[in-house]
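File shown here: upload_3.cif, holding mmCIF, C-alpha atoms and all ligand atoms.
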```cif
data_model
loop_
_atom_site.label_atom_id
_atom_site.label_comp_id
_atom_site.auth_asym_id
_atom_site.auth_seq_id
_atom_site.Cartn_x
_atom_site.Cartn_y
_atom_site.Cartn_z
CA MET A 1 -0.07 19.52 2.33
CA ASN A 2 0.38 16.00 1.09
CA LYS A 3 -1.47 14.79 -1.96
CA ARG A 4 -4.72 12.99 -1.09
CA LEU A 5 -6.02 9.92 -2.86
CA GLY A 6 -9.35 9.20 -1.21
CA LYS A 7 -11.30 8.60 1.95
CA CYS A 8 -9.86 6.30 4.55
CA PRO A 9 -11.85 3.06 4.78
CA TYR A 10 -11.02 2.54 8.46
CA CYS A 11 -11.98 5.78 10.18
CA GLU A 12 -14.54 8.62 10.08
CA ASP A 13 -12.74 11.62 8.69
CA GLY A 14 -9.37 10.36 7.52
CA GLN A 15 -7.95 10.90 4.05
CA ILE A 16 -5.29 8.73 2.48
CA GLU A 17 -2.19 10.78 1.79
CA VAL A 18 1.00 10.22 -0.16
CA ARG A 19 4.10 10.65 1.97
CA ARG A 20 7.66 10.46 0.78
CA ILE A 21 9.80 8.42 3.11
CA GLU A 22 13.11 6.63 3.19
CA VAL A 23 13.47 3.00 4.10
CA ASN A 24 17.03 1.75 4.44
CA ALA A 25 18.15 5.03 2.85
CA LYS A 26 16.06 4.30 -0.25
CA PRO A 27 13.32 6.77 -1.10
CA THR A 28 9.85 5.30 -1.41
CA ARG A 29 6.30 6.30 -0.67
CA LEU A 30 3.96 5.52 2.14
CA TYR A 31 0.22 5.77 1.68
CA ALA A 32 -1.19 6.57 5.10
CA CYS A 33 -4.26 8.00 6.78
CA SER A 34 -4.21 11.68 7.76
CA ASN A 35 -5.09 10.52 11.29
CA ALA A 36 -1.89 8.53 11.60
CA HIS A 37 1.67 9.55 12.21
CA TRP A 38 4.53 7.17 11.85
CA LYS A 39 8.01 6.97 13.21
CA PHE A 40 10.69 5.22 11.22
CA ASP A 41 13.65 3.38 12.52
CA LEU A 42 15.63 1.68 9.77
CA ASP A 43 13.05 -0.57 8.12
CA MET A 44 10.67 -0.60 11.06
CA ALA A 45 7.57 1.57 11.02
CA GLU A 46 5.85 2.36 14.26
CA LEU A 47 2.62 4.26 14.89
CA SER A 48 3.15 7.34 17.02
CA GLU A 49 1.15 7.60 20.21
CA ASP A 50 -1.25 10.27 18.95
CA ALA A 51 -2.29 8.23 15.89
CA THR A 52 -5.93 7.18 15.76
CA CYS A 53 -5.85 5.11 12.58
CA GLY A 54 -3.49 2.42 11.39
CA PHE A 55 -4.09 2.55 7.63
CA ARG A 56 -0.83 2.30 5.74
CA ILE A 57 0.44 0.81 2.54
CA PHE A 58 4.10 0.90 1.60
CA ALA A 59 4.63 1.53 -2.10
CA ASN A 60 7.33 -1.13 -2.14
CA GLN A 61 5.52 -3.79 -0.14
CA PHE A 62 5.14 -6.17 -3.11
CA LEU A 63 8.84 -6.00 -3.91
CA ARG A 64 9.31 -9.70 -3.10
CA TRP A 65 6.95 -10.46 -6.00
CA ASN A 66 8.93 -8.13 -8.23
CA LYS A 67 6.55 -5.24 -8.20
CA LYS A 68 8.77 -2.23 -7.61
CA SER A 69 6.13 0.23 -6.59
CA ILE A 70 2.41 0.38 -5.94
CA SER A 71 1.18 3.44 -7.80
CA GLU A 72 -1.07 6.26 -6.65
CA ASN A 73 -3.65 5.15 -9.21
CA GLU A 74 -3.66 1.64 -7.83
CA ILE A 75 -4.31 3.06 -4.36
CA ARG A 76 -7.13 5.24 -5.70
CA THR A 77 -8.69 2.19 -7.33
CA VAL A 78 -8.53 0.01 -4.25
CA LEU A 79 -10.03 2.80 -2.13
CA GLN A 80 -12.96 3.14 -4.53
CA GLU A 81 -13.53 -0.44 -5.60
CA GLU A 82 -12.09 -2.38 -2.66
CA GLN A 83 -9.84 -4.36 -4.97
CA VAL A 84 -7.24 -3.64 -7.61
CA ARG A 85 -5.57 -5.75 -10.24
CA VAL A 86 -1.80 -5.78 -9.79
CA ARG A 87 0.89 -7.01 -12.12
CA LEU A 88 3.47 -9.23 -10.47
CA TYR A 89 6.42 -11.06 -11.96
CA SER A 90 7.62 -14.55 -11.34
CA SER A 91 11.40 -14.76 -11.60
CA ARG A 92 11.16 -18.56 -11.52
CA ALA A 93 8.74 -18.81 -14.44
CA LYS A 94 10.18 -15.63 -15.97
CA LYS A 95 6.80 -14.19 -16.73
CA GLU A 96 4.38 -11.66 -15.42
CA TYR A 97 1.00 -12.49 -14.01
CA TYR A 98 -1.93 -10.65 -12.52
CA LYS A 99 -3.62 -10.95 -9.16
CA TRP A 100 -6.25 -9.09 -7.21
CA ALA A 101 -5.09 -7.15 -4.19
CA VAL A 102 -7.47 -6.08 -1.44
CA LEU A 103 -7.25 -3.83 1.61
CA ASP A 104 -6.05 -5.55 4.73
CA GLU A 105 -5.97 -3.83 8.10
CA GLU A 106 -2.92 -5.70 9.22
CA TYR A 107 -0.82 -5.75 6.06
CA GLY A 108 -2.11 -2.73 4.15
CA LEU A 109 -2.71 -4.59 0.92
CA SER A 110 -2.83 -8.32 0.52
CA VAL A 111 -2.81 -10.46 -2.59
CA LEU A 112 -5.62 -12.95 -3.24
CA TRP A 113 -3.41 -15.85 -4.28
CA ASP A 114 -6.26 -18.31 -4.76
CA ILE A 115 -7.94 -16.36 -7.54
CA ASP A 116 -6.46 -16.54 -11.00
CA ILE A 117 -7.00 -13.69 -13.41
CA GLN A 118 -7.18 -14.51 -17.08
CA GLU A 119 -5.57 -11.86 -19.23
ZN ZN A 201 -7.99 6.43 8.76
#
```

Show me, as structure tokens, the structure contained in the file I just sent.
Ligand SMILES: [Zn+2]
Amino acid sequence: MNKRLGKCPYCEDGQIEVRRIEVNAKPTRLYACSNAHWKFDLDMAELSEDATCGFRIFANQFLRWNKKSISENEIRTVLQEEQVRVRLYSSRAKKEYYKWAVLDEEYGLSVLWDIDIQE
């Protein structure tokens, strides 16, 4: 059985699980609801027909902001507190910065760009 991180916020009885997957032949993790199955085709993820819940967060989904991987602890936090502080890195300014990320049904996690976090 896959490791479970908390209750799914989008359905009755779902649990968020850690699944090891490969995207473009690179191993990463997908955090997904136990009521969802996914099919992978290169870098496309598609819900299978028997899935009843669309919760999913790719561990590498903040890669474009230089965050290599969203950790299991960060997922636990966002499931419990509805938001989590994430460390991102600006290659233009060459420095790290922090933002809040919140659950988003369409994107998994989304960054609240308008809110600055003082360190
Ligand atoms: Zn669910």

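Those residues that approach Ser90 (chain A) to within 10 Å, counting all atoms listed in the file, are Arg64, Trp65, Asn66, Lys67, Lys95, Glu96 and Tyr97 of chain A; same-chain residues fewer than 5 positions away are not listed.
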
Contacts to ligand ZN 201 (chain A) at 10 Å cut-off (all atoms listed in the file) as an mmCIF file with C-alpha atoms, keeping the file's coordinate frame:
```cif
data_model
loop_
_atom_site.group_PDB
_atom_site.id
_atom_site.type_symbol
_atom_site.label_atom_id
_atom_site.label_comp_id
_atom_site.auth_asym_id
_atom_site.auth_seq_id
_atom_site.Cartn_x
_atom_site.Cartn_y
_atom_site.Cartn_z
ATOM 1 C CA LYS A 7 -11.300 8.600 1.950
ATOM 2 C CA CYS A 8 -9.860 6.300 4.550
ATOM 3 C CA PRO A 9 -11.850 3.060 4.780
ATOM 4 C CA TYR A 10 -11.020 2.540 8.460
ATOM 5 C CA CYS A 11 -11.980 5.780 10.180
ATOM 6 C CA GLU A 12 -14.540 8.620 10.080
ATOM 7 C CA ASP A 13 -12.740 11.620 8.690
ATOM 8 C CA GLY A 14 -9.370 10.360 7.520
ATOM 9 C CA GLN A 15 -7.950 10.900 4.050
ATOM 10 C CA ILE A 16 -5.290 8.730 2.480
ATOM 11 C CA ALA A 32 -1.190 6.570 5.100
ATOM 12 C CA CYS A 33 -4.260 8.000 6.780
ATOM 13 C CA SER A 34 -4.210 11.680 7.760
ATOM 14 C CA ASN A 35 -5.090 10.520 11.290
ATOM 15 C CA ALA A 36 -1.890 8.530 11.600
ATOM 16 C CA ALA A 51 -2.290 8.230 15.890
ATOM 17 C CA THR A 52 -5.930 7.180 15.760
ATOM 18 C CA CYS A 53 -5.850 5.110 12.580
ATOM 19 C CA GLY A 54 -3.490 2.420 11.390
ATOM 20 C CA PHE A 55 -4.090 2.550 7.630
ATOM 21 C CA ARG A 56 -0.830 2.300 5.740
#
```

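For the pair CA of Val18 (chain A) and CA of Asn73 (chain A), the separation is 11.4 Å.
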
To one decimal place, how far is CA of Ala45 (chain A) from CA of Gln80 (chain A) in Å?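 It comes out at 25.8 Å.
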
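In this structure, CA of Asp114 (chain A) sits 15.3 Å away from CA of Arg87 (chain A).
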
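Only residues having an atom at most 10 Å from (-2.9, 0.4, -8.2) are included; using only C-alpha atoms, these are A:Ala59, A:Ser69, A:Ile70, A:Ser71, A:Glu72, A:Asn73, A:Glu74, A:Ile75, A:Arg76, A:Thr77, A:Val78, A:Leu79, A:Gln83, A:Val84, A:Arg85, A:Val86, A:Arg87, A:Ala101.
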
Around all listed atoms of region 64-74 of chain A, padded 5 Å per side, what centre and edge lengths does the axis-aligned box have in Å to one decimal, as JSON?
```
{"center_x": 2.8, "center_y": -2.1, "center_z": -6.2, "size_x": 23.0, "size_y": 26.7, "size_z": 16.1}
```

Find the residues around Asp116 (chain A) up to 10 Å (all atoms listed in the file counted), leave out those fewer than 5 positions away in its own chain, and share them as number ranges by chain. A: 97-100

Tell me which protein, DNA and RNA residues are within 12 Å of Met44 (chain A), counting all atoms listed in the file, leaving out same-chain ones fewer than 3 positions away, and put them as JSON, numbers by chain. {"A": [22, 23, 24, 38, 39, 40, 41, 47, 58]}

Rank A:Leu63, A:Gln118, A:Pro27, A:Val111 by their smallest atom-to-atom distance to Ser91 (chain A), using all atoms listed in the file, and report the top residue only. A:Leu63

Near-Glu17 (chain A) list (6 Å; only C-alpha atoms; drop same-chain fewer than 2 positions) as a PyMOL selection string: chain A and resi 2-4+31-32
